[in-house]
file model_20.pdb (PDB, C-alpha atoms and all ligand atoms)
ATOM      1  CA  MET A  92     -16.935   7.495  24.835
ATOM      2  CA  SER A  93     -19.375  10.203  23.948
ATOM      3  CA  PRO A  94     -18.608  12.917  21.418
ATOM      4  CA  ALA A  95     -17.698  16.188  23.053
ATOM      5  CA  LYS A  96     -16.998  19.584  21.657
ATOM      6  CA  ALA A  97     -13.261  20.182  21.365
ATOM      7  CA  LYS A  98     -12.183  22.018  24.467
ATOM      8  CA  ASP A  99     -10.042  24.523  22.677
ATOM      9  CA  GLY A 100      -8.578  25.575  19.395
ATOM     10  CA  PHE A 101     -10.995  25.317  16.539
ATOM     11  CA  GLY A 102     -14.492  24.773  17.880
ATOM     12  CA  MET A 103     -14.763  21.565  15.840
ATOM     13  CA  ASP A 104     -17.053  18.802  16.937
ATOM     14  CA  LEU A 105     -14.407  16.244  17.879
ATOM     15  CA  PRO A 106     -14.556  13.190  20.159
ATOM     16  CA  SER A 107     -13.161  13.527  23.670
ATOM     17  CA  SER A 108     -10.170  11.393  22.582
ATOM     18  CA  LEU A 109      -8.851  14.351  20.571
ATOM     19  CA  ARG A 110      -7.932  17.855  21.607
ATOM     20  CA  THR A 111      -6.822  20.744  19.500
ATOM     21  CA  GLU A 112      -4.852  23.862  20.138
ATOM     22  CA  ARG A 113      -3.979  26.758  17.940
ATOM     23  CA  ARG A 114      -0.581  28.444  18.005
ATOM     24  CA  GLY A 115      -0.676  31.108  15.330
ATOM     25  CA  GLU A 116      -0.443  29.358  11.982
ATOM     26  CA  ILE A 117       0.200  25.987  13.650
ATOM     27  CA  ALA A 118      -2.567  23.572  14.642
ATOM     28  CA  LEU A 119      -1.858  21.016  17.360
ATOM     29  CA  LEU A 120      -3.788  17.764  17.415
ATOM     30  CA  LEU A 121      -3.449  15.805  20.670
ATOM     31  CA  LEU A 122      -4.381  12.139  21.003
ATOM     32  CA  SER A 123      -6.056  12.415  24.360
ATOM     33  CA  ARG A 124      -7.101   9.034  25.668
ATOM     34  CA  PRO A 125      -4.198   8.299  27.986
ATOM     35  CA  ASN A 126      -6.103   5.843  30.193
ATOM     36  CA  LYS A 127      -6.300   3.578  27.109
ATOM     37  CA  ARG A 128      -2.789   4.526  25.989
ATOM     38  CA  ASN A 129      -4.271   6.552  23.144
ATOM     39  CA  ALA A 130      -5.641   3.399  21.485
ATOM     40  CA  ILE A 131      -7.389   4.492  18.314
ATOM     41  CA  ASP A 132     -11.059   3.592  18.079
ATOM     42  CA  ASP A 133     -13.419   4.352  15.188
ATOM     43  CA  GLU A 134     -14.580   7.573  16.774
ATOM     44  CA  THR A 135     -10.999   8.783  17.007
ATOM     45  CA  VAL A 136     -10.204   7.877  13.392
ATOM     46  CA  LEU A 137     -13.295   9.745  12.214
ATOM     47  CA  GLY A 138     -12.399  12.647  14.504
ATOM     48  CA  ILE A 139      -8.952  12.838  12.886
ATOM     49  CA  GLU A 140     -10.693  12.963   9.512
ATOM     50  CA  ALA A 141     -13.013  15.745  10.692
ATOM     51  CA  PHE A 142     -10.031  17.730  11.967
ATOM     52  CA  PHE A 143      -8.125  17.439   8.696
ATOM     53  CA  THR A 144     -11.132  18.219   6.519
ATOM     54  CA  SER A 145     -12.249  21.311   8.416
ATOM     55  CA  LEU A 146      -8.941  23.046   9.044
ATOM     56  CA  PRO A 147      -9.151  26.815   8.753
ATOM     57  CA  ALA A 148      -7.478  28.172   5.615
ATOM     58  CA  ASP A 149      -4.869  30.101   7.592
ATOM     59  CA  VAL A 150      -3.417  26.998   9.271
ATOM     60  CA  ARG A 151      -0.121  26.258   7.558
ATOM     61  CA  ALA A 152       1.300  23.272   9.450
ATOM     62  CA  ILE A 153       0.120  20.671  11.941
ATOM     63  CA  VAL A 154       1.713  18.919  14.900
ATOM     64  CA  ILE A 155       0.259  15.627  16.158
ATOM     65  CA  HIS A 156       1.265  14.406  19.601
ATOM     66  CA  GLY A 157      -0.041  12.149  22.364
ATOM     67  CA  GLU A 158      -1.053  12.644  25.981
ATOM     68  CA  GLY A 159       0.336  10.494  28.796
ATOM     69  CA  GLU A 160       3.226   8.035  28.704
ATOM     70  CA  HIS A 161       2.700   6.774  25.157
ATOM     71  CA  PHE A 162       2.048   8.205  21.709
ATOM     72  CA  SER A 163      -0.394   5.429  20.811
ATOM     73  CA  ALA A 164      -1.060   1.742  21.500
ATOM     74  CA  GLY A 165      -2.521   1.435  17.992
ATOM     75  CA  LEU A 166      -5.857   0.028  17.023
ATOM     76  CA  ASP A 167      -8.414  -0.194  19.818
ATOM     77  CA  LEU A 168      -8.440  -3.969  20.143
ATOM     78  CA  THR A 169     -11.799  -4.030  21.925
ATOM     79  CA  GLU A 170     -13.463  -3.071  18.635
ATOM     80  CA  LEU A 171     -12.069  -6.108  16.799
ATOM     81  CA  LYS A 172     -14.161  -8.722  18.520
ATOM     82  CA  GLU A 173     -17.333  -8.492  16.454
ATOM     83  CA  ARG A 174     -15.946  -7.625  13.040
ATOM     84  CA  ASP A 175     -16.472 -10.057  10.139
ATOM     85  CA  VAL A 176     -14.393 -10.115   6.922
ATOM     86  CA  ALA A 177     -16.427  -7.514   5.029
ATOM     87  CA  ALA A 178     -16.502  -5.198   8.023
ATOM     88  CA  GLY A 179     -12.754  -5.688   8.437
ATOM     89  CA  ILE A 180     -12.097  -4.546   4.872
ATOM     90  CA  ALA A 181     -14.362  -1.529   5.301
ATOM     91  CA  HIS A 182     -12.623  -0.649   8.573
ATOM     92  CA  SER A 183      -9.162  -0.804   7.053
ATOM     93  CA  ARG A 184     -10.306   1.230   4.051
ATOM     94  CA  MET A 185     -11.637   3.854   6.459
ATOM     95  CA  TRP A 186      -8.192   4.146   8.071
ATOM     96  CA  HIS A 187      -6.680   4.405   4.575
ATOM     97  CA  ARG A 188      -9.047   7.230   3.656
ATOM     98  CA  VAL A 189      -8.343   9.144   6.843
ATOM     99  CA  PHE A 190      -4.554   8.683   6.808
ATOM    100  CA  ASP A 191      -4.529   9.743   3.164
ATOM    101  CA  ARG A 192      -5.989  13.038   4.346
ATOM    102  CA  ILE A 193      -2.939  13.403   6.561
ATOM    103  CA  GLU A 194      -0.348  12.408   3.986
ATOM    104  CA  PHE A 195      -1.949  14.179   1.059
ATOM    105  CA  GLY A 196      -3.707  17.002   2.862
ATOM    106  CA  ARG A 197      -3.266  20.720   2.412
ATOM    107  CA  VAL A 198      -0.400  21.276   4.832
ATOM    108  CA  PRO A 199       2.652  19.438   6.193
ATOM    109  CA  VAL A 200       2.255  17.382   9.364
ATOM    110  CA  VAL A 201       4.842  16.810  12.094
ATOM    111  CA  ALA A 202       4.326  13.844  14.453
ATOM    112  CA  VAL A 203       5.948  14.002  17.895
ATOM    113  CA  LEU A 204       6.531  10.485  19.220
ATOM    114  CA  HIS A 205       7.173   9.159  22.700
ATOM    115  CA  GLY A 206       6.681   5.910  24.568
ATOM    116  CA  ALA A 207       4.855   3.184  22.646
ATOM    117  CA  VAL A 208       4.402   3.927  18.977
ATOM    118  CA  VAL A 209       2.923   0.618  17.978
ATOM    119  CA  GLY A 210       0.655  -0.940  15.382
ATOM    120  CA  GLY A 211      -1.806   1.637  14.170
ATOM    121  CA  GLY A 212       0.082   4.274  16.173
ATOM    122  CA  LEU A 213       3.141   3.653  14.018
ATOM    123  CA  GLU A 214       0.923   3.698  10.919
ATOM    124  CA  LEU A 215      -0.425   7.079  11.993
ATOM    125  CA  ALA A 216       3.114   8.360  12.541
ATOM    126  CA  ALA A 217       4.126   7.063   9.106
ATOM    127  CA  ALA A 218       1.393   9.138   7.468
ATOM    128  CA  ALA A 219       2.995  12.331   8.798
ATOM    129  CA  HIS A 220       5.731  14.107   6.854
ATOM    130  CA  ILE A 221       8.208  14.688   9.683
ATOM    131  CA  ARG A 222       8.650  12.517  12.755
ATOM    132  CA  VAL A 223      10.307  13.820  15.913
ATOM    133  CA  ALA A 224      11.083  11.072  18.413
ATOM    134  CA  GLU A 225      11.740  11.578  22.082
ATOM    135  CA  ARG A 226      14.272   9.207  23.686
ATOM    136  CA  SER A 227      11.428   7.223  25.288
ATOM    137  CA  ALA A 228       9.887   6.269  21.929
ATOM    138  CA  TYR A 229       9.856   2.680  20.793
ATOM    139  CA  TYR A 230       8.312   1.046  17.777
ATOM    140  CA  ALA A 231       6.578  -2.275  17.270
ATOM    141  CA  LEU A 232       4.123  -4.045  15.017
ATOM    142  CA  PRO A 233       2.493  -6.579  17.361
ATOM    143  CA  GLU A 234      -0.073  -7.605  14.758
ATOM    144  CA  GLY A 235       1.534 -11.041  14.337
ATOM    145  CA  ALA A 236       1.130 -11.818  18.028
ATOM    146  CA  ARG A 237      -2.486 -10.629  17.950
ATOM    147  CA  GLY A 238      -3.386 -12.765  14.920
ATOM    148  CA  ILE A 239      -4.150  -9.756  12.762
ATOM    149  CA  TYR A 240      -2.417  -7.681  10.103
ATOM    150  CA  VAL A 241      -1.672  -3.992   9.697
ATOM    151  CA  GLY A 242      -4.653  -2.163   8.242
ATOM    152  CA  GLY A 243      -3.815   1.518   8.423
ATOM    153  CA  GLY A 244      -1.493   1.698   5.429
ATOM    154  CA  GLY A 245       1.491   0.171   7.228
ATOM    155  CA  SER A 246       2.290  -2.288   4.427
ATOM    156  CA  VAL A 247       2.639   0.603   2.019
ATOM    157  CA  ARG A 248       4.178   3.401   4.063
ATOM    158  CA  LEU A 249       6.489   1.520   6.416
ATOM    159  CA  PRO A 250       8.519  -0.387   3.776
ATOM    160  CA  ARG A 251       9.139   2.961   2.095
ATOM    161  CA  LEU A 252      10.511   4.322   5.344
ATOM    162  CA  ILE A 253      12.559   1.404   6.653
ATOM    163  CA  GLY A 254      12.457  -1.328   3.997
ATOM    164  CA  THR A 255      10.329  -4.445   3.565
ATOM    165  CA  ALA A 256      12.782  -6.736   5.382
ATOM    166  CA  ARG A 257      12.627  -4.720   8.591
ATOM    167  CA  VAL A 258       8.836  -4.526   8.490
ATOM    168  CA  MET A 259       8.682  -8.300   7.962
ATOM    169  CA  ASP A 260      11.001  -8.832  10.924
ATOM    170  CA  MET A 261       8.904  -6.558  13.147
ATOM    171  CA  MET A 262       5.680  -8.333  12.207
ATOM    172  CA  LEU A 263       7.019 -11.889  12.274
ATOM    173  CA  THR A 264       9.135 -11.735  15.406
ATOM    174  CA  GLY A 265       7.655  -8.835  17.358
ATOM    175  CA  ARG A 266      11.019  -7.083  17.241
ATOM    176  CA  THR A 267      10.985  -3.601  18.702
ATOM    177  CA  TYR A 268      13.228  -0.691  17.810
ATOM    178  CA  ASP A 269      14.145   1.901  20.405
ATOM    179  CA  ALA A 270      14.277   5.608  19.625
ATOM    180  CA  ALA A 271      17.974   5.636  18.700
ATOM    181  CA  GLU A 272      17.541   2.614  16.426
ATOM    182  CA  GLY A 273      14.410   4.155  14.943
ATOM    183  CA  GLN A 274      16.396   7.280  14.140
ATOM    184  CA  ALA A 275      19.202   5.233  12.571
ATOM    185  CA  ILE A 276      16.881   3.228  10.298
ATOM    186  CA  GLY A 277      14.779   6.218   9.248
ATOM    187  CA  ILE A 278      11.564   6.061  11.271
ATOM    188  CA  SER A 279      12.248   9.485  12.765
ATOM    189  CA  GLN A 280      14.103  12.397  11.208
ATOM    190  CA  TYR A 281      14.788  14.038  14.603
ATOM    191  CA  LEU A 282      15.695  12.518  17.953
ATOM    192  CA  VAL A 283      15.352  14.721  21.032
ATOM    193  CA  GLU A 284      15.428  14.397  24.804
ATOM    194  CA  SER A 285      12.269  13.301  26.593
ATOM    195  CA  GLY A 286       9.925  16.170  27.299
ATOM    196  CA  THR A 287      11.291  18.347  24.502
ATOM    197  CA  GLY A 288       9.538  16.769  21.508
ATOM    198  CA  LEU A 289       6.574  19.099  21.352
ATOM    199  CA  ALA A 290       8.773  22.196  21.446
ATOM    200  CA  LYS A 291      10.901  20.732  18.648
ATOM    201  CA  GLY A 292       7.795  19.776  16.668
ATOM    202  CA  VAL A 293       6.350  23.271  16.978
ATOM    203  CA  GLU A 294       9.709  24.805  16.055
ATOM    204  CA  LEU A 295       9.853  22.676  12.896
ATOM    205  CA  ALA A 296       6.210  23.377  12.060
ATOM    206  CA  THR A 297       6.868  27.096  12.439
ATOM    207  CA  THR A 298       9.754  26.873   9.997
ATOM    208  CA  ILE A 299       7.607  24.870   7.580
ATOM    209  CA  ALA A 300       4.728  27.350   7.893
ATOM    210  CA  ALA A 301       7.042  30.154   6.778
ATOM    211  CA  ASN A 302       7.708  28.442   3.417
ATOM    212  CA  ALA A 303       5.783  29.428   0.320
ATOM    213  CA  PRO A 304       2.528  27.417   0.440
ATOM    214  CA  LEU A 305       3.021  26.159  -3.112
ATOM    215  CA  THR A 306       6.459  24.808  -2.253
ATOM    216  CA  ASN A 307       4.972  22.952   0.724
ATOM    217  CA  PHE A 308       2.251  21.611  -1.564
ATOM    218  CA  ALA A 309       4.845  20.433  -4.078
ATOM    219  CA  VAL A 310       6.914  18.733  -1.383
ATOM    220  CA  ILE A 311       4.041  16.756   0.107
ATOM    221  CA  HIS A 312       2.107  16.027  -3.098
ATOM    222  CA  ALA A 313       4.612  15.971  -5.952
ATOM    223  CA  LEU A 314       7.812  14.673  -4.325
ATOM    224  CA  PRO A 315       6.485  11.300  -3.107
ATOM    225  CA  ARG A 316       4.759  10.682  -6.432
ATOM    226  CA  ILE A 317       7.846  11.629  -8.412
ATOM    227  CA  ALA A 318       9.921   9.325  -6.216
ATOM    228  CA  GLU A 319       7.663   6.436  -7.240
ATOM    229  CA  GLN A 320       7.560   7.212 -10.948
ATOM    230  CA  ASP A 321       9.919   5.961 -13.597
ATOM    231  CA  SER A 322      12.705   8.497 -13.916
ATOM    232  CA  THR A 323      11.734   9.936 -17.301
ATOM    233  CA  SER A 324       8.200  10.721 -16.053
ATOM    234  CA  GLY A 325       9.711  11.978 -12.807
ATOM    235  CA  TYR A 326      12.007  14.441 -14.533
ATOM    236  CA  LEU A 327       9.091  15.801 -16.565
ATOM    237  CA  MET A 328       6.848  16.120 -13.506
ATOM    238  CA  GLU A 329       9.675  17.808 -11.623
ATOM    239  CA  SER A 330      10.203  20.396 -14.358
ATOM    240  CA  LEU A 331       6.478  21.157 -14.468
ATOM    241  CA  MET A 332       6.303  21.516 -10.694
ATOM    242  CA  ALA A 333       9.422  23.690 -10.623
ATOM    243  CA  ALA A 334       8.011  25.991 -13.286
ATOM    244  CA  ILE A 335       4.651  26.256 -11.510
ATOM    245  CA  ALA A 336       6.299  27.064  -8.169
ATOM    246  CA  GLN A 337       8.704  29.658  -9.537
ATOM    247  CA  GLY A 338       5.926  31.303 -11.545
ATOM    248  CA  GLU A 339       4.135  32.340  -8.363
ATOM    249  CA  ASP A 340       4.385  35.960  -7.190
ATOM    250  CA  GLU A 341       5.436  34.683  -3.773
ATOM    251  CA  ALA A 342       8.484  32.941  -5.261
ATOM    252  CA  LYS A 343       9.413  36.025  -7.249
ATOM    253  CA  ALA A 344       9.175  38.205  -4.135
ATOM    254  CA  ARG A 345      11.334  35.815  -2.130
ATOM    255  CA  LEU A 346      13.992  35.652  -4.852
ATOM    256  CA  LYS A 347      13.991  39.452  -5.162
ATOM    257  CA  ASP A 348      14.447  39.735  -1.387
ATOM    258  CA  PHE A 349      17.508  37.519  -1.526
ATOM    259  CA  LEU A 350      19.022  39.238  -4.538
ATOM    260  CA  GLU A 351      18.514  42.610  -2.859
ATOM    261  CA  LYS A 352      20.224  41.313   0.317
ATOM    262  CA  ARG A 353      17.050  41.090   2.422
ATOM    263  CA  GLY A 354      16.413  37.353   2.253
ATOM    264  CA  PRO A 355      17.891  34.860   4.733
ATOM    265  CA  LYS A 356      21.212  33.166   3.954
ATOM    266  CA  VAL A 357      21.604  29.427   4.266
ATOM    267  CA  ILE A 358      23.506  28.898   7.474
ATOM    268  CA  GLN A 359      24.290  25.661   9.248
ATOM    269  CA  ARG A 360      21.805  24.939  12.041
TER     270      ARG A 360
HETATM  271  C1  LIG B 401      -5.865  -0.856  25.048
HETATM  272  C2  LIG B 401      -4.903  -0.948  24.023
HETATM  273  C3  LIG B 401      -5.351  -1.211  22.707
HETATM  274  C4  LIG B 401      -3.877  -0.530  25.863
HETATM  275  N1  LIG B 401      -6.681  -1.370  22.525
HETATM  276  N2  LIG B 401      -7.162  -1.011  24.797
HETATM  277  N3  LIG B 401      -1.839  -2.732  19.804
HETATM  278  C5  LIG B 401      -1.225  -3.521  20.702
HETATM  279  O1  LIG B 401      -1.187  -4.724  20.590
HETATM  280  C6  LIG B 401      -0.635  -2.808  21.889
HETATM  281  C7  LIG B 401      -1.417  -3.167  23.138
HETATM  282  N4  LIG B 401      -1.013  -2.389  24.289
HETATM  283  C8  LIG B 401       0.128  -2.615  24.986
HETATM  284  O2  LIG B 401       0.977  -3.422  24.644
HETATM  285  C9  LIG B 401       0.305  -1.826  26.256
HETATM  286  O3  LIG B 401      -0.967  -1.346  26.658
HETATM  287  C10 LIG B 401       1.273  -0.622  26.150
HETATM  288  C11 LIG B 401       2.704  -1.159  26.023
HETATM  289  C12 LIG B 401       0.957   0.284  24.973
HETATM  290  C13 LIG B 401       1.170   0.234  27.434
HETATM  291  O4  LIG B 401       1.366  -0.581  28.579
HETATM  292  P1  LIG B 401       0.865  -0.063  29.999
HETATM  293  O5  LIG B 401       1.337  -1.043  31.026
HETATM  294  O6  LIG B 401       1.283   1.360  30.170
HETATM  295  O7  LIG B 401      -0.739  -0.029  29.929
HETATM  296  P2  LIG B 401      -1.792  -1.254  30.051
HETATM  297  O8  LIG B 401      -2.007  -1.580  31.473
HETATM  298  O9  LIG B 401      -1.397  -2.385  29.165
HETATM  299  O10 LIG B 401      -3.093  -0.623  29.401
HETATM  300  C14 LIG B 401      -3.817   0.405  30.056
HETATM  301  C15 LIG B 401      -5.235   0.354  29.553
HETATM  302  O11 LIG B 401      -5.236   0.636  28.172
HETATM  303  C16 LIG B 401      -5.845  -1.026  29.704
HETATM  304  O12 LIG B 401      -7.234  -0.846  29.903
HETATM  305  P3  LIG B 401      -7.907  -0.975  31.375
HETATM  306  O13 LIG B 401      -9.363  -0.683  31.140
HETATM  307  O14 LIG B 401      -7.612  -2.374  31.825
HETATM  308  O15 LIG B 401      -7.219   0.058  32.227
HETATM  309  C17 LIG B 401      -5.612  -1.641  28.348
HETATM  310  O16 LIG B 401      -6.534  -2.672  28.047
HETATM  311  C18 LIG B 401      -5.839  -0.445  27.463
HETATM  312  N5  LIG B 401      -5.194  -0.604  26.164
HETATM  313  N6  LIG B 401      -3.680  -0.757  24.568
HETATM  314  C19 LIG B 401      -7.536  -1.265  23.547
HETATM  315  N7  LIG B 401      -4.521  -1.301  21.685
HETATM  316  C20 LIG B 401      -5.561  -0.406  11.472
HETATM  317  S1  LIG B 401      -4.960  -1.837  11.971
HETATM  318  C21 LIG B 401      -3.792  -1.542  13.190
HETATM  319  C22 LIG B 401      -3.503  -2.813  13.926
HETATM  320  C23 LIG B 401      -2.917  -2.556  15.261
HETATM  321  O17 LIG B 401      -2.774  -1.438  15.696
HETATM  322  S2  LIG B 401      -2.474  -3.929  16.124
HETATM  323  C24 LIG B 401      -1.661  -3.352  17.518
HETATM  324  C25 LIG B 401      -2.583  -3.183  18.694
END

call {"tool": "encode", "arguments": {"input": "model_20.pdb", "output": "structure tokens", "more": "lines below"}}
Ligand code: 1HE
result
Amino acid sequence: MSPAKAKDGFGMDLPSSLRTERRGEIALLLLSRPNKRNAIDDETVLGIEAFFTSLPADVRAIVIHGEGEHFSAGLDLTELKERDVAAGIAHSRMWHRVFDRIEFGRVPVVAVLHGAVVGGGLELAAAAHIRVAERSAYYALPEGARGIYVGGGGSVRLPRLIGTARVMDMMLTGRTYDAAEGQAIGISQYLVESGTGLAKGVELATTIAANAPLTNFAVIHALPRIAEQDSTSGYLMESLMAAIAQGEDEAKARLKDFLEKRGPKVIQR
């Protein structure tokens, strides 16, 4: 696959396996290699990194989705053949670096999932902050059957989402979870009908983009770290983050709006 200029969106120099689109403050990143079921090769991983590191400052939320029948078949297995141990470590560390840019980047990321969400595809989804699953989505970690092991952060992120026992089961037995099961165990936060995932993802991203940027920062950077700290450190970190957020002019303006009956009420949606 030869690198090609992104067809649309941001004018970034991305591989042809990725496409971008801009919708106001939302950036869409499309895995666009459907003939290989959006298998993720090195070029694609590095393209994802390039996208996340050169986002324009006015982008406030991102939606990742996949072209064709499947979100992603995971690691491009054709690239595994020649890799020795040292190269394998470097490769996995590259995925870690890139997926860290997703999880701990500047803005929240919504992943829209359908069809196969397997191996590295599930690891990619786990690096996002919100997952919307269409009814066709299913999840698997076929690494055991392939004689390999997750390398894109799955051992760290997936047990936090669904628990170590379930991840062990998936890897040892090849168990798959369908979209409804994935919703029940916590892989996705939203479950929608097939064909409606992107609209839902964009709707959520639009809501997220309307938040104060510092609140979004706190949610994606402080919350997961606080959740992993001992509680006394967590309470301190929380109070510092709360004070920083409420000290911003933006927070003051939003509070004033509410108190002067202009701000939105909390209604059940
Ligand atoms: C691929 C890949 C791939 C498809 N690498 N080429 N991931 C897996 O073990 C999943 C492997 N893939 C599958 O089980 C199936 O392809 C699917 C269930 C996802 C889709 O099935 P289907 O019938 O729609 O497609 P297909 O006929 O199997 O595949 C179409 C083409 O995509 C075919 O290539 P072609 O040239 O013969 O047309 C496949 O070879 C190709 N293809 N999946 C390369 N994964 C950081 S570590 C992460 C570790 C992992 O991710 S391990 C899990 C790897």

call {"tool": "residues_near_ligand", "arguments": {"input": "model_20.pdb", "ligand": "ligand LIG 401 (chain B)", "cutoff": "10 Å", "atoms": "all atoms listed in the file", "output": "number ranges by chain"}}
result
A: 124-133, 136, 159-171, 179, 182-187, 206-215, 229, 231-245

call {"tool": "atom_distance", "arguments": {"input": "model_20.pdb", "atom1": "atom CA of Ser324 of chain A", "atom2": "atom CA of Ile221 of chain A"}}
result
26.0 Å

call {"tool": "resolve_selection", "arguments": {"input": "model_20.pdb", "expression": "the PyMOL selection byres (((chain A and resi 199) around 8) and not hetatm)", "output": "PDB file with C-alpha atoms, in the frame of the given file"}}
result
ATOM      1  CA  ARG A 151      -0.121  26.258   7.558  1.00  0.00           C
ATOM      2  CA  ALA A 152       1.300  23.272   9.450  1.00  0.00           C
ATOM      3  CA  ILE A 153       0.120  20.671  11.941  1.00  0.00           C
ATOM      4  CA  GLU A 194      -0.348  12.408   3.986  1.00  0.00           C
ATOM      5  CA  GLY A 196      -3.707  17.002   2.862  1.00  0.00           C
ATOM      6  CA  ARG A 197      -3.266  20.720   2.412  1.00  0.00           C
ATOM      7  CA  VAL A 198      -0.400  21.276   4.832  1.00  0.00           C
ATOM      8  CA  VAL A 200       2.255  17.382   9.364  1.00  0.00           C
ATOM      9  CA  VAL A 201       4.842  16.810  12.094  1.00  0.00           C
ATOM     10  CA  ALA A 219       2.995  12.331   8.798  1.00  0.00           C
ATOM     11  CA  HIS A 220       5.731  14.107   6.854  1.00  0.00           C
ATOM     12  CA  ALA A 296       6.210  23.377  12.060  1.00  0.00           C
ATOM     13  CA  ILE A 299       7.607  24.870   7.580  1.00  0.00           C
ATOM     14  CA  ASN A 307       4.972  22.952   0.724  1.00  0.00           C
ATOM     15  CA  ILE A 311       4.041  16.756   0.107  1.00  0.00           C
TER      16      ILE A 311
END

call {"tool": "closest_residue", "arguments": {"input": "model_20.pdb", "among": "A:Glu158, A:Val357, A:His205, A:Asp149", "to": "Thr111 of chain A", "atoms": "all atoms listed in the file"}}
result
A:Glu158

call {"tool": "residues_around", "arguments": {"input": "model_20.pdb", "residues": "segment 326-340 of chain A", "least_positions_apart": "4", "cutoff": "8 Å", "atoms": "only C-alpha atoms", "output": "MDAnalysis selection string"}}
result
chainID A and resid 305:306 309 313 317 322 344

call {"tool": "axis_aligned_box", "arguments": {"input": "model_20.pdb", "around": "segment 255-259 of chain A", "padding_each_side": "8 Å", "output": "lines of an AutoDock Vina configuration file"}}
result
center_x = 10.7
center_y = -6.4
center_z = 6.1
size_x = 20.1
size_y = 19.9
size_z = 21.0

call {"tool": "atom_distance", "arguments": {"input": "model_20.pdb", "atom1": "atom CA of Glu272 of chain A", "atom2": "atom CA of Thr255 of chain A"}}
result
16.3 Å

call {"tool": "closest_residue", "arguments": {"input": "model_20.pdb", "among": "A:Arg192, A:Lys172, A:Arg251, A:Arg266", "to": "His312 of chain A", "atoms": "all atoms listed in the file"}}
result
A:Arg192

call {"tool": "decode", "arguments": {"input": "model_20.pdb", "residues": "segment 240-244 of chain A", "atoms": "all heavy atoms", "output": "CSV table (one decimal), in the first residue's frame"}}
result
chain,number,residue,atom,x,y,z
A,240,TYR,N,0.0,-13.1,21.2
A,240,TYR,CA,-0.5,-12.5,22.4
A,240,TYR,C,-0.9,-11.1,22.1
A,240,TYR,O,-0.3,-10.5,21.2
A,240,TYR,CB,0.6,-12.5,23.5
A,240,TYR,CG,0.1,-12.0,24.9
A,240,TYR,CD1,-0.7,-12.9,25.6
A,240,TYR,CD2,0.4,-10.8,25.4
A,240,TYR,CE1,-1.2,-12.4,26.9
A,240,TYR,CE2,0.0,-10.4,26.6
A,240,TYR,CZ,-0.9,-11.2,27.3
A,240,TYR,OH,-1.3,-10.7,28.5
A,241,VAL,N,-1.9,-10.5,22.8
A,241,VAL,CA,-2.2,-9.1,22.5
A,241,VAL,C,-1.0,-8.2,22.6
A,241,VAL,O,-0.1,-8.5,23.5
A,241,VAL,CB,-3.3,-8.6,23.4
A,241,VAL,CG1,-4.7,-9.2,23.1
A,241,VAL,CG2,-3.0,-8.8,24.9
A,242,GLY,N,-0.9,-7.2,21.8
A,242,GLY,CA,0.3,-6.3,21.9
A,242,GLY,C,-0.1,-4.8,21.8
A,242,GLY,O,0.8,-4.0,21.9
A,243,GLY,N,-1.4,-4.6,21.7
A,243,GLY,CA,-1.8,-3.2,21.5
A,243,GLY,C,-2.4,-2.6,22.8
A,243,GLY,O,-3.3,-1.7,22.7
A,244,GLY,N,-1.9,-3.1,24.0
A,244,GLY,CA,-2.5,-2.5,25.2
A,244,GLY,C,-3.7,-3.3,25.8
A,244,GLY,O,-4.2,-2.9,26.8
